$ cat coords_18.csv   # CSV, C-alpha atoms
chain,number,residue,atom,x,y,z
A,91,MET,CA,86.1,-59.0,140.6
A,92,THR,CA,83.8,-61.9,140.0
A,93,PHE,CA,84.5,-65.3,141.4
A,94,ARG,CA,83.0,-68.6,140.3
A,95,ASP,CA,83.3,-71.9,142.1
A,96,GLY,CA,83.4,-74.4,139.2
A,97,SER,CA,82.3,-77.3,141.4
A,98,THR,CA,79.1,-75.7,142.7
A,99,GLY,CA,78.4,-73.1,140.0
A,100,HIS,CA,78.3,-70.3,142.6
A,101,CYS,CA,78.9,-66.8,141.3
A,102,GLU,CA,79.7,-63.8,143.5
A,103,VAL,CA,78.1,-60.5,142.5
A,104,PRO,CA,80.8,-58.0,141.7
A,105,LYS,CA,81.1,-54.6,143.3
A,106,ASP,CA,82.7,-52.6,140.5
A,107,PRO,CA,82.5,-48.8,140.7
A,108,ARG,CA,82.3,-48.8,136.9
A,109,TYR,CA,79.1,-50.8,137.1
A,110,PRO,CA,77.3,-49.3,140.1
A,111,ASP,CA,73.9,-50.7,139.1
A,112,CYS,CA,75.0,-54.3,138.9
A,113,PRO,CA,74.1,-55.5,142.4
A,114,SER,CA,70.6,-53.9,142.3
A,115,LYS,CA,70.0,-55.4,138.9
A,116,VAL,CA,70.9,-58.9,140.2
A,117,ASP,CA,68.5,-58.4,143.1
A,118,TRP,CA,65.8,-57.4,140.6
A,119,MET,CA,66.5,-60.5,138.5
A,120,ARG,CA,66.3,-62.8,141.5
A,121,ALA,CA,62.8,-61.5,142.3
A,122,ARG,CA,61.4,-61.1,138.8
A,123,TRP,CA,63.3,-63.1,136.2
A,124,THR,CA,60.1,-65.2,135.6
A,125,SER,CA,58.0,-62.2,134.8
A,126,ASP,CA,59.0,-62.3,131.2
A,127,PRO,CA,59.8,-65.4,129.1
A,128,CYS,CA,62.5,-63.4,127.2
A,129,TYR,CA,64.9,-64.0,130.1
A,130,ALA,CA,64.7,-67.7,129.7
A,131,PHE,CA,65.1,-67.3,126.0
A,132,TYR,CA,68.5,-65.7,126.7
A,133,GLY,CA,69.5,-68.6,129.0
A,134,VAL,CA,68.5,-67.3,132.4
A,135,ASP,CA,67.6,-70.2,134.7
A,136,GLY,CA,67.3,-68.6,138.2
A,137,SER,CA,71.0,-68.9,139.2
A,138,ASP,CA,73.2,-65.9,140.0
A,139,CYS,CA,75.6,-67.1,137.3
A,140,SER,CA,72.9,-66.9,134.6
A,141,PHE,CA,71.9,-63.5,135.9
A,142,LEU,CA,75.4,-62.2,135.6
A,143,ILE,CA,75.9,-63.7,132.2
A,144,TYR,CA,72.7,-62.0,131.0
A,145,LEU,CA,73.5,-58.6,132.6
A,146,SER,CA,77.0,-58.5,131.2
A,147,GLU,CA,76.4,-60.0,127.7
A,148,VAL,CA,72.8,-59.2,126.7
A,149,GLU,CA,72.4,-56.1,128.8
A,150,TRP,CA,75.3,-53.9,130.0
A,151,PHE,CA,74.8,-53.4,133.7
A,152,CYS,CA,77.5,-55.8,135.0
A,153,PRO,CA,81.2,-56.2,134.0
A,154,PRO,CA,82.3,-59.0,131.6
A,155,LEU,CA,83.0,-62.3,133.4
A,156,VAL,CA,86.6,-63.4,133.4
A,157,TRP,CA,85.8,-67.0,133.3
A,158,ARG,CA,83.6,-66.7,130.2
A,159,ASN,CA,85.0,-67.2,126.7
A,160,GLN,CA,84.7,-63.6,125.5
A,161,THR,CA,85.1,-64.8,121.9
A,162,SER,CA,81.9,-66.8,122.2
A,163,SER,CA,79.8,-63.6,122.0
A,164,PRO,CA,78.7,-63.1,118.4
A,165,THR,CA,80.3,-60.3,116.5
A,166,HIS,CA,78.0,-58.6,114.0
A,167,LYS,CA,79.6,-57.3,110.8
A,168,PRO,CA,78.3,-53.9,109.6
A,169,PHE,CA,75.7,-54.0,107.0
A,170,PRO,CA,77.2,-53.5,103.5
A,171,LYS,CA,76.5,-50.2,101.8
A,172,ARG,CA,74.6,-50.3,98.6
A,173,GLN,CA,73.8,-47.6,96.0
A,174,SER,CA,70.2,-46.6,95.6
A,175,THR,CA,68.6,-46.4,92.2
A,176,PHE,CA,65.4,-44.6,91.3
A,177,ARG,CA,62.3,-46.7,90.8
A,178,SER,CA,59.4,-45.9,88.5
A,179,ASP,CA,57.4,-49.2,88.9
A,180,ILE,CA,55.1,-49.2,92.0
A,181,ALA,CA,53.9,-52.8,91.7
A,182,ALA,CA,56.3,-54.0,94.5
A,183,LEU,CA,55.2,-51.2,96.8
A,184,LEU,CA,51.5,-51.9,96.3
A,185,GLU,CA,52.1,-55.5,97.2
A,186,GLN,CA,54.0,-54.5,100.4
A,187,VAL,CA,51.2,-52.2,101.5
A,188,GLY,CA,48.9,-55.2,101.7
A,189,THR,CA,45.1,-55.7,101.8
A,190,GLY,CA,42.3,-56.4,104.2
A,191,LYS,CA,41.4,-52.9,105.3
A,192,GLU,CA,39.6,-50.0,103.6
A,193,SER,CA,42.4,-47.7,104.8
A,194,LEU,CA,45.0,-49.7,102.9
A,195,SER,CA,42.8,-49.8,99.8
A,196,PHE,CA,42.5,-46.0,100.0
A,197,MET,CA,46.3,-45.6,100.3
A,198,LYS,CA,46.8,-47.9,97.3
A,199,ARG,CA,44.3,-45.9,95.2
A,200,ARG,CA,46.2,-42.8,96.2
A,201,ILE,CA,49.5,-44.4,95.1
A,202,ARG,CA,48.1,-45.6,91.8
A,203,SER,CA,46.5,-42.3,90.9
A,204,LEU,CA,49.8,-40.5,91.1
A,205,ALA,CA,52.0,-43.3,89.6
A,206,SER,CA,52.7,-41.6,86.3
A,207,GLN,CA,53.7,-38.4,88.1
A,208,TRP,CA,56.0,-40.2,90.5
A,209,ALA,CA,57.6,-42.0,87.5
A,210,LEU,CA,58.2,-38.7,85.7
A,211,ALA,CA,59.6,-37.1,88.9
A,212,ALA,CA,62.0,-40.0,89.4
A,213,ARG,CA,63.3,-39.7,85.8
A,214,LYS,CA,63.8,-36.0,86.2
A,215,LEU,CA,65.7,-36.4,89.5
A,216,ASP,CA,67.7,-39.3,88.2
A,217,SER,CA,68.8,-37.2,85.2
A,218,SER,CA,69.9,-34.2,87.4
A,219,LEU,CA,71.7,-36.4,90.0
A,220,ARG,CA,73.2,-39.0,87.6
A,221,SER,CA,76.8,-38.4,88.7
A,222,ASP,CA,76.1,-38.6,92.4
A,223,TRP,CA,76.5,-41.8,94.4
A,224,LYS,CA,73.3,-42.2,96.6
A,225,GLU,CA,73.4,-44.6,99.5
A,226,GLN,CA,70.5,-46.9,99.8
A,227,LYS,CA,69.0,-46.7,103.4
A,228,ARG,CA,67.4,-49.6,105.2
A,229,ILE,CA,64.1,-48.2,106.3
A,230,LEU,CA,61.2,-49.6,108.4
A,231,VAL,CA,57.8,-47.8,108.2
A,232,HIS,CA,55.6,-48.8,111.1
A,233,VAL,CA,52.1,-47.2,110.7
A,234,GLY,CA,51.0,-47.5,114.3
A,235,PHE,CA,47.6,-45.9,114.1
A,236,LEU,CA,46.4,-48.5,111.6
A,237,THR,CA,47.4,-51.5,113.8
A,238,GLU,CA,44.6,-53.5,115.4
A,239,GLU,CA,46.5,-53.2,118.7
A,240,SER,CA,46.0,-49.4,118.7
A,241,GLY,CA,42.3,-49.7,118.0
A,242,ASP,CA,42.4,-48.5,114.4
A,243,VAL,CA,39.4,-46.2,114.5
A,244,PHE,CA,40.4,-44.8,111.1
A,245,SER,CA,39.8,-47.8,108.7
A,246,PRO,CA,36.0,-48.2,109.3
A,247,LYS,CA,35.4,-44.5,108.6
A,248,VAL,CA,37.3,-44.2,105.3
A,249,LEU,CA,34.1,-44.3,103.1
A,250,LYS,CA,31.9,-42.6,105.7
A,251,GLY,CA,33.2,-39.1,106.1
A,252,GLY,CA,36.2,-40.0,108.4
A,253,PRO,CA,39.6,-38.3,108.3
A,254,LEU,CA,41.8,-39.1,105.3
A,255,GLY,CA,44.7,-36.7,105.8
A,256,GLU,CA,47.0,-39.1,107.7
A,257,MET,CA,46.5,-41.8,105.1
A,258,VAL,CA,47.3,-39.4,102.3
A,259,GLN,CA,50.5,-38.4,104.0
A,260,TRP,CA,51.6,-42.0,104.8
A,261,ALA,CA,50.8,-43.1,101.2
A,262,ASP,CA,53.0,-40.3,99.9
A,263,ILE,CA,55.8,-41.1,102.4
A,264,LEU,CA,55.9,-44.7,101.4
A,265,THR,CA,55.9,-43.9,97.7
A,266,ALA,CA,58.7,-41.3,98.1
A,267,LEU,CA,60.9,-43.7,99.9
A,268,HIS,CA,60.2,-46.5,97.3
A,269,VAL,CA,60.8,-44.2,94.3
A,270,LEU,CA,64.0,-42.9,95.8
A,271,GLY,CA,65.3,-46.5,95.8
A,272,HIS,CA,65.6,-47.3,99.5
A,273,SER,CA,65.2,-50.8,101.0
A,274,LEU,CA,61.8,-50.6,102.5
A,275,LYS,CA,59.9,-52.7,105.0
A,276,ILE,CA,56.3,-51.8,105.9
A,277,SER,CA,54.7,-52.9,109.2
A,278,MET,CA,50.9,-52.6,109.8
A,279,SER,CA,50.7,-54.9,112.8
A,280,LEU,CA,52.5,-55.5,116.1
A,281,LYS,CA,53.6,-59.0,114.9
A,282,GLU,CA,55.2,-57.5,111.8
A,283,LEU,CA,57.0,-54.9,113.9
A,284,GLN,CA,58.4,-57.6,116.3
A,285,GLY,CA,59.6,-59.7,113.4
A,286,PHE,CA,61.3,-56.9,111.5
A,287,VAL,CA,63.3,-55.5,114.4
A,288,GLY,CA,64.1,-58.8,116.1
A,289,VAL,CA,62.1,-58.7,119.3
A,290,PRO,CA,62.7,-61.9,121.4
A,291,PRO,CA,59.7,-63.9,122.5
A,292,GLY,CA,58.1,-62.5,125.6
A,293,ARG,CA,56.7,-59.2,126.9
A,294,GLY,CA,59.3,-56.8,125.7
A,295,SER,CA,61.6,-56.5,128.8
A,296,CYS,CA,64.7,-57.7,127.0
A,297,PRO,CA,66.9,-56.1,124.3
A,298,LEU,CA,66.7,-57.1,120.6
A,299,THR,CA,68.3,-60.4,119.5
A,300,GLY,CA,70.8,-58.5,117.3
A,301,PRO,CA,71.8,-55.1,116.0
A,302,LEU,CA,69.0,-52.9,114.7
A,303,PRO,CA,68.6,-53.9,111.0
A,304,PHE,CA,67.5,-50.4,109.9
A,305,ASP,CA,69.1,-47.1,109.4
A,306,LEU,CA,65.8,-45.2,110.0
A,307,ILE,CA,62.3,-46.0,111.4
A,308,TYR,CA,59.4,-43.9,110.4
A,309,THR,CA,56.4,-44.3,112.8
A,310,ASP,CA,53.8,-42.3,114.7
A,311,TYR,CA,53.0,-41.8,118.4
A,312,HIS,CA,51.0,-45.1,118.5
A,313,GLY,CA,53.9,-46.9,116.9
A,314,LEU,CA,56.4,-45.3,119.3
A,315,GLN,CA,54.3,-46.5,122.3
A,316,GLN,CA,54.3,-50.0,120.8
A,317,MET,CA,58.1,-49.9,120.3
A,318,ARG,CA,58.6,-48.9,123.9
A,319,GLN,CA,56.5,-51.8,125.1
A,320,HIS,CA,58.2,-54.4,123.0
A,321,MET,CA,61.8,-53.3,122.4
A,322,GLY,CA,62.8,-52.9,126.0
A,323,LEU,CA,66.1,-51.1,126.6
A,324,SER,CA,66.9,-51.3,122.8
A,325,LEU,CA,64.5,-48.4,122.2
A,326,ARG,CA,66.6,-46.1,124.4
A,327,LYS,CA,69.7,-47.3,122.6
A,328,HIS,CA,68.3,-46.7,119.1
A,329,LYS,CA,66.3,-43.6,119.6
A,330,CYS,CA,68.3,-41.6,117.1
A,331,HIS,CA,67.1,-43.8,114.3
A,332,ILE,CA,63.4,-42.9,114.8
A,333,ARG,CA,61.4,-40.3,112.9
A,334,VAL,CA,57.9,-39.5,114.2
A,335,ILE,CA,55.2,-38.5,111.8
A,336,ASP,CA,53.4,-36.0,114.1
A,337,THR,CA,50.5,-34.2,112.4
A,338,PHE,CA,50.5,-31.1,114.7
A,339,GLY,CA,54.0,-31.2,115.9
A,340,THR,CA,55.5,-31.4,119.5
A,341,GLU,CA,56.9,-28.4,121.2
A,342,PRO,CA,60.1,-28.7,123.4
A,343,VAL,CA,58.2,-28.2,126.6
A,344,TYR,CA,56.1,-31.3,125.9
A,345,ASN,CA,59.0,-33.3,124.6
A,346,HIS,CA,61.3,-32.9,127.7
A,347,GLU,CA,60.1,-35.4,130.3
A,348,ASP,CA,61.4,-33.7,133.4
A,349,TYR,CA,60.4,-30.2,132.4
A,350,ALA,CA,56.9,-31.4,131.2
A,351,THR,CA,56.3,-33.2,134.6
A,352,MET,CA,57.5,-30.3,136.7
A,353,HIS,CA,55.6,-27.6,134.8
A,354,GLY,CA,52.3,-29.4,134.1
A,355,TYR,CA,52.9,-30.1,130.4
A,356,ARG,CA,52.8,-33.8,130.6
A,357,THR,CA,50.3,-35.3,128.1
A,358,ASN,CA,49.5,-38.7,126.6
A,359,TRP,CA,51.7,-37.9,123.6
A,360,GLY,CA,54.7,-36.1,124.8
A,361,TYR,CA,57.8,-36.5,127.1
A,362,TRP,CA,59.8,-38.8,124.8
A,363,ASN,CA,63.1,-36.9,125.1
A,364,LEU,CA,63.8,-37.0,121.4
A,365,ASN,CA,65.6,-34.4,119.4
A,366,CYS,CA,62.8,-32.1,118.4
A,367,ARG,CA,63.9,-32.3,114.8
A,368,GLN,CA,62.9,-36.0,114.9
A,369,TYR,CA,59.2,-34.9,115.0
A,370,MET,CA,58.0,-34.4,111.4
A,371,THR,CA,54.8,-32.4,111.0
A,372,MET,CA,52.7,-31.1,108.1
A,373,PHE,CA,51.4,-28.2,110.3
A,374,PRO,CA,54.6,-26.6,111.6
A,375,HIS,CA,53.3,-24.8,114.7
A,376,THR,CA,56.8,-24.7,116.0
A,377,PRO,CA,60.1,-24.2,114.2
A,378,ASP,CA,61.7,-26.8,116.4
A,379,ASN,CA,60.2,-29.7,114.4
A,380,SER,CA,61.0,-30.9,110.9
A,381,PHE,CA,58.5,-30.5,108.0
A,382,MET,CA,56.9,-33.5,106.4
A,383,GLY,CA,54.1,-32.6,104.0
A,384,PHE,CA,52.3,-34.5,101.3
A,385,VAL,CA,52.3,-34.5,97.5
A,386,ALA,CA,50.3,-31.9,95.6
A,387,GLU,CA,49.1,-33.3,92.3
A,388,GLU,CA,50.4,-31.4,89.2
A,389,MET,CA,47.6,-30.5,86.8
A,390,ASN,CA,47.9,-30.6,83.1
A,391,ASP,CA,46.9,-27.6,80.9
A,392,THR,CA,43.3,-28.9,80.4
A,393,GLU,CA,42.7,-29.4,84.1
A,394,ARG,CA,44.1,-26.0,84.9
A,395,LEU,CA,41.9,-24.3,82.3
A,396,SER,CA,38.8,-26.1,83.6
A,397,ILE,CA,39.4,-24.9,87.1
A,398,GLN,CA,39.9,-21.3,85.9
A,399,MET,CA,36.6,-21.4,83.9
A,400,ASN,CA,34.6,-22.9,86.8
A,401,LYS,CA,36.1,-20.8,89.6
A,402,VAL,CA,33.6,-19.5,92.1
A,403,ASP,CA,34.0,-16.3,94.1
A,404,ASN,CA,32.4,-17.4,97.4
A,405,MET,CA,33.3,-20.8,98.9
A,406,ALA,CA,33.2,-22.0,102.4
A,407,VAL,CA,35.2,-25.0,103.6
A,408,VAL,CA,34.5,-26.6,107.0
A,409,TYR,CA,36.4,-29.5,108.3
A,410,GLY,CA,36.3,-31.5,111.5
A,411,LYS,CA,36.9,-35.2,112.3
A,412,GLU,CA,34.2,-35.7,114.9
A,413,ALA,CA,30.9,-34.0,115.9
A,414,SER,CA,32.3,-33.3,119.4
A,415,MET,CA,34.7,-30.8,117.9
A,416,TRP,CA,31.8,-28.6,117.0
A,417,LYS,CA,30.1,-28.6,120.4
A,418,HIS,CA,29.1,-25.1,121.5
A,419,GLU,CA,30.4,-23.8,118.1
A,420,VAL,CA,27.6,-24.5,115.7
A,421,HIS,CA,23.8,-24.7,115.8
A,422,CYS,CA,21.6,-27.1,113.8
A,423,ALA,CA,19.6,-25.5,111.1
A,424,MET,CA,17.9,-26.3,107.8
A,425,TYR,CA,18.6,-23.1,105.7
A,426,THR,CA,21.1,-22.4,103.0
A,427,ILE,CA,22.7,-19.3,101.5
A,428,PRO,CA,22.9,-19.6,97.7
A,429,GLU,CA,25.9,-17.2,97.4
A,430,CYS,CA,28.3,-19.8,98.9
A,431,GLU,CA,29.4,-23.1,97.7
A,432,ARG,CA,29.7,-25.5,100.6
A,433,LEU,CA,32.4,-28.0,101.1
A,434,ALA,CA,32.6,-30.0,104.3
A,435,SER,CA,34.0,-33.1,106.0
A,436,VAL,CA,32.7,-34.0,109.4
A,437,GLY,CA,32.1,-37.5,110.6
A,438,LEU,CA,29.0,-38.3,112.7
A,439,PRO,CA,27.7,-41.6,114.1
A,440,HIS,CA,24.2,-41.1,112.7
A,441,ASN,CA,22.4,-39.9,109.6
A,442,CYS,CA,23.2,-36.8,107.6
A,443,VAL,CA,22.4,-33.5,109.3
A,444,TYR,CA,22.9,-29.8,108.5
A,445,THR,CA,24.7,-27.3,110.7
A,446,SER,CA,24.9,-23.6,110.5
A,447,LEU,CA,28.3,-21.9,111.0
A,448,LEU,CA,28.7,-18.2,111.5
A,449,LEU,CA,31.5,-16.8,109.4
A,450,ALA,CA,33.2,-13.4,109.6
A,451,ASP,CA,33.4,-13.0,105.8
A,452,SER,CA,30.8,-12.2,103.2
A,453,CYS,CA,29.0,-15.5,103.7
A,454,SER,CA,27.2,-14.8,107.0
A,455,GLN,CA,25.7,-18.2,107.4
A,456,VAL,CA,26.6,-21.4,105.6
A,457,GLN,CA,24.9,-24.7,105.2
A,458,VAL,CA,27.3,-27.5,106.0
A,459,ALA,CA,26.7,-31.1,104.8
A,460,VAL,CA,27.9,-33.5,107.5
A,461,SER,CA,28.7,-37.0,106.4
A,462,SER,CA,27.2,-39.9,108.2
A,463,VAL,CA,29.3,-42.8,109.6

$ encode --input "coords_18.csv" --output "structure tokens"
Amino acid sequence: MTFRDGSTGHCEVPKDPRYPDCPSKVDWMRARWTSDPCYAFYGVDGSDCSFLIYLSEVEWFCPPLVWRNQTSSPTHKPFPKRQSTFRSDIAALLEQVGTGKESLSFMKRRIRSLASQWALAARKLDSSLRSDWKEQKRILVHVGFLTEESGDVFSPKVLKGGPLGEMVQWADILTALHVLGHSLKISMSLKELQGFVGVPPGRGSCPLTGPLPFDLIYTDYHGLQQMRQHMGLSLRKHKCHIRVIDTFGTEPVYNHEDYATMHGYRTNWGYWNLNCRQYMTMFPHTPDNSFMGFVAEEMNDTERLSIQMNKVDNMAVVYGKEASMWKHEVHCAMYTIPECERLASVGLPHNCVYTSLLLADSCSQVQVAVSSV
């Protein structure tokens, strides 16, 4: 039981077996409550009474205080359910994606180039599902790898041979969610993420200021790390709402924190203890993850005929993001084999070079053009 002396404002820390962590949490607050401005934001002033109020009403480590007016705590009504309607106009989506980076310009070009096919697909799906009631989801898409806080090494390389696959996939995910009629928020910066989810001012030690305003959050590993740093205990509470766009997937041994630590599988990207189906990959190396691909453009009859007429028998495709990926695997050369058409995408920090790759098929050696960045 908690006691309070109204004349002195003294509060006694409860010893309740239902809340075994309460005393240790109060001790922690006594020593560190000034370490993050978010505690003062929630009314903590250094007194034991303020610690107990915070730990019982904002967090959940101490029992409710009998002398507090329990009706004073705000009650949050559930968000109303709305029906989704298919969209064929992408103008609002393009405005949400924003400007200022070559990566965003590339994604918007991708969205525009397929706009007519998205519209046709939406009409077909609407016609086949007309009688079904479809709930509109509130969805946040936080593209962590394109935030300045993550370093964003992708944007400067968009026009210089850098990798584009991730941006293709994110552009298609955004368009699919928009066309399906969901309520969409797009975050490309840490400031936007904090504003959308309701992070209190400070360093991320405190829970959100209210209930999570989203049904689903699509992000990547960079975004997941940012959410852990700035959502505090709320991330643990809302983990089930998260979907991680994970290019190569995450196997269970890397996902389970205790197992990964004990058996040497701990990496910079694993040990999140999510349900493995929450990882969505376009290269399904393990059946434990969910699949999330990208859109394949549907060709018209003229385009299809042109491809058939110009089809080549021998073609070599070589792909790699950085030159370091080819270390000890290729040798510089200046010769070419006319029997093969060469297609390549490799980013290098200097002028265009040529490499020779040994292949096991009919093309024994292939000239590979490597883009300069």

$ closest_residue --input "coords_18.csv" --among "A:Glu192, A:Asp179, A:Glu239, A:Glu347" --to "Gly271 (chain A)" --atoms "all atoms listed in the file"
A:Asp179

$ atom_distance --input "coords_18.csv" --atom1 "CA of Phe235 (chain A)" --atom2 "CA of Thr299 (chain A)"
25.8 Å

$ atom_distance --input "coords_18.csv" --atom1 "CA of Lys198 (chain A)" --atom2 "CA of Leu249 (chain A)"
14.4 Å

$ atom_distance --input "coords_18.csv" --atom1 "CA of Lys227 (chain A)" --atom2 "CA of Thr265 (chain A)"
14.6 Å

$ residues_around --input "coords_18.csv" --residues "region 275-285 of chain A" --least-positions-apart "4" --cutoff "8 Å" --atoms "all atoms listed in the file" --output "list in words"
Gln186, Val187, Ile229, Leu230, Val231, His232, Val233, Gly234, Leu236, Thr237, Glu238, Glu239, Val289, Pro290, Gln316 and His320 of chain A

$ residues_near_point --input "coords_18.csv" --point "(63.0, -39.0, 126.2)" --cutoff "9 Å" --atoms "only C-alpha atoms" --output "list in words"
Arg326, Lys329, Asn345, His346, Glu347, Gly360, Tyr361, Trp362, Asn363, Leu364 and Asn365 of chain A

$ closest_residue --input "coords_18.csv" --among "A:Glu388, A:Asp305, A:Glu185, A:Asp336" --to "Glu256 (chain A)" --atoms "all atoms listed in the file"
A:Asp336

$ residues_around --input "coords_18.csv" --residues "Ser114 (chain A)" --least-positions-apart "6" --cutoff "12 Å" --atoms "all atoms listed in the file" --output "compact mmCIF listing (two decimals) with C-alpha atoms, in the coordinates of the input"
# COMPACT_ATOMS: atom_id res chain seq x y z
CA VAL A 103 78.10 -60.50 142.50
CA PRO A 104 80.80 -58.00 141.70
CA LYS A 105 81.10 -54.60 143.30
CA ARG A 120 66.30 -62.80 141.50
CA ALA A 121 62.80 -61.50 142.30
CA PHE A 141 71.90 -63.50 135.90
CA LEU A 142 75.40 -62.20 135.60
CA LEU A 145 73.50 -58.60 132.60
CA PHE A 151 74.80 -53.40 133.70
CA CYS A 152 77.50 -55.80 135.00

$ axis_aligned_box --input "coords_18.csv" --around "region 379-398 of chain A" --padding-each-side "3 Å" --output "JSON"
{"center_x": 49.9, "center_y": -27.9, "center_z": 97.4, "size_x": 28.2, "size_y": 19.2, "size_z": 40.0}

$ residues_around --input "coords_18.csv" --residues "Gln368 (chain A)" --least-positions-apart "2" --cutoff "7 Å" --atoms "only C-alpha atoms" --output "MDAnalysis selection string"
chainID A and resid 332:334 364:366 370 379:380

$ residues_around --input "coords_18.csv" --residues "Leu298 (chain A)" --least-positions-apart "4" --cutoff "10 Å" --atoms "only C-alpha atoms" --output "VMD selection string"
chain A and resid 148 284 287 to 291 294 302 320 to 325

$ closest_residue --input "coords_18.csv" --among "A:Asp138, A:Asp378, A:Asn390, A:Ala350" --to "Pro113 (chain A)" --atoms "all atoms listed in the file"
A:Asp138

$ closest_residue --input "coords_18.csv" --among "A:Val134, A:Val269, A:Ile263, A:Leu274" --to "Met372 (chain A)" --atoms "all atoms listed in the file"
A:Ile263

$ decode --input "coords_18.csv" --residues "region 170-176 of chain A" --atoms "all heavy atoms" --output "short mmCIF file (atom, residue, chain, number, x, y, z; two decimals), in the first residue's frame"
data_model
loop_
_atom_site.label_atom_id
_atom_site.label_comp_id
_atom_site.auth_asym_id
_atom_site.auth_seq_id
_atom_site.Cartn_x
_atom_site.Cartn_y
_atom_site.Cartn_z
N PRO A 170 -12.20 5.20 -35.16
CA PRO A 170 -13.35 4.69 -35.92
C PRO A 170 -12.91 3.89 -37.14
O PRO A 170 -11.90 4.21 -37.77
CB PRO A 170 -14.09 5.97 -36.34
CG PRO A 170 -13.04 7.04 -36.34
CD PRO A 170 -12.09 6.68 -35.23
N LYS A 171 -13.66 2.87 -37.45
CA LYS A 171 -13.36 2.06 -38.63
C LYS A 171 -13.97 2.71 -39.87
O LYS A 171 -15.10 3.18 -39.84
CB LYS A 171 -13.92 0.64 -38.46
CG LYS A 171 -13.22 -0.16 -37.36
CD LYS A 171 -13.74 -1.58 -37.32
CE LYS A 171 -13.07 -2.40 -36.23
NZ LYS A 171 -11.62 -2.55 -36.47
N ARG A 172 -13.20 2.74 -40.94
CA ARG A 172 -13.67 3.32 -42.19
C ARG A 172 -13.47 2.31 -43.32
O ARG A 172 -12.60 1.46 -43.27
CB ARG A 172 -12.90 4.61 -42.51
CG ARG A 172 -13.16 5.75 -41.54
CD ARG A 172 -12.51 7.03 -42.03
NE ARG A 172 -12.87 8.19 -41.22
CZ ARG A 172 -12.20 8.61 -40.17
NH1 ARG A 172 -11.10 7.96 -39.79
NH2 ARG A 172 -12.59 9.66 -39.48
N GLN A 173 -14.30 2.46 -44.34
CA GLN A 173 -14.19 1.59 -45.50
C GLN A 173 -13.17 2.15 -46.47
O GLN A 173 -13.12 3.36 -46.72
CB GLN A 173 -15.54 1.43 -46.19
CG GLN A 173 -15.50 0.45 -47.37
CD GLN A 173 -16.88 0.20 -47.95
OE1 GLN A 173 -17.84 0.84 -47.55
NE2 GLN A 173 -16.97 -0.71 -48.91
N SER A 174 -12.33 1.27 -47.00
CA SER A 174 -11.36 1.72 -48.00
C SER A 174 -12.00 1.71 -49.38
O SER A 174 -12.87 0.89 -49.67
CB SER A 174 -10.13 0.81 -47.99
OG SER A 174 -10.48 -0.50 -48.42
N THR A 175 -11.58 2.63 -50.21
CA THR A 175 -12.03 2.67 -51.60
C THR A 175 -10.79 2.75 -52.50
O THR A 175 -9.83 3.46 -52.19
CB THR A 175 -12.92 3.90 -51.86
OG1 THR A 175 -12.24 5.09 -51.46
CG2 THR A 175 -14.22 3.78 -51.07
N PHE A 176 -10.83 2.03 -53.59
CA PHE A 176 -9.68 2.00 -54.48
C PHE A 176 -9.43 3.37 -55.10
O PHE A 176 -10.36 4.12 -55.40
CB PHE A 176 -9.90 0.97 -55.59
CG PHE A 176 -9.87 -0.45 -55.10
CD1 PHE A 176 -11.04 -1.16 -54.92
CD2 PHE A 176 -8.65 -1.06 -54.80
CE1 PHE A 176 -11.01 -2.47 -54.47
CE2 PHE A 176 -8.61 -2.35 -54.34
CZ PHE A 176 -9.80 -3.06 -54.17
#
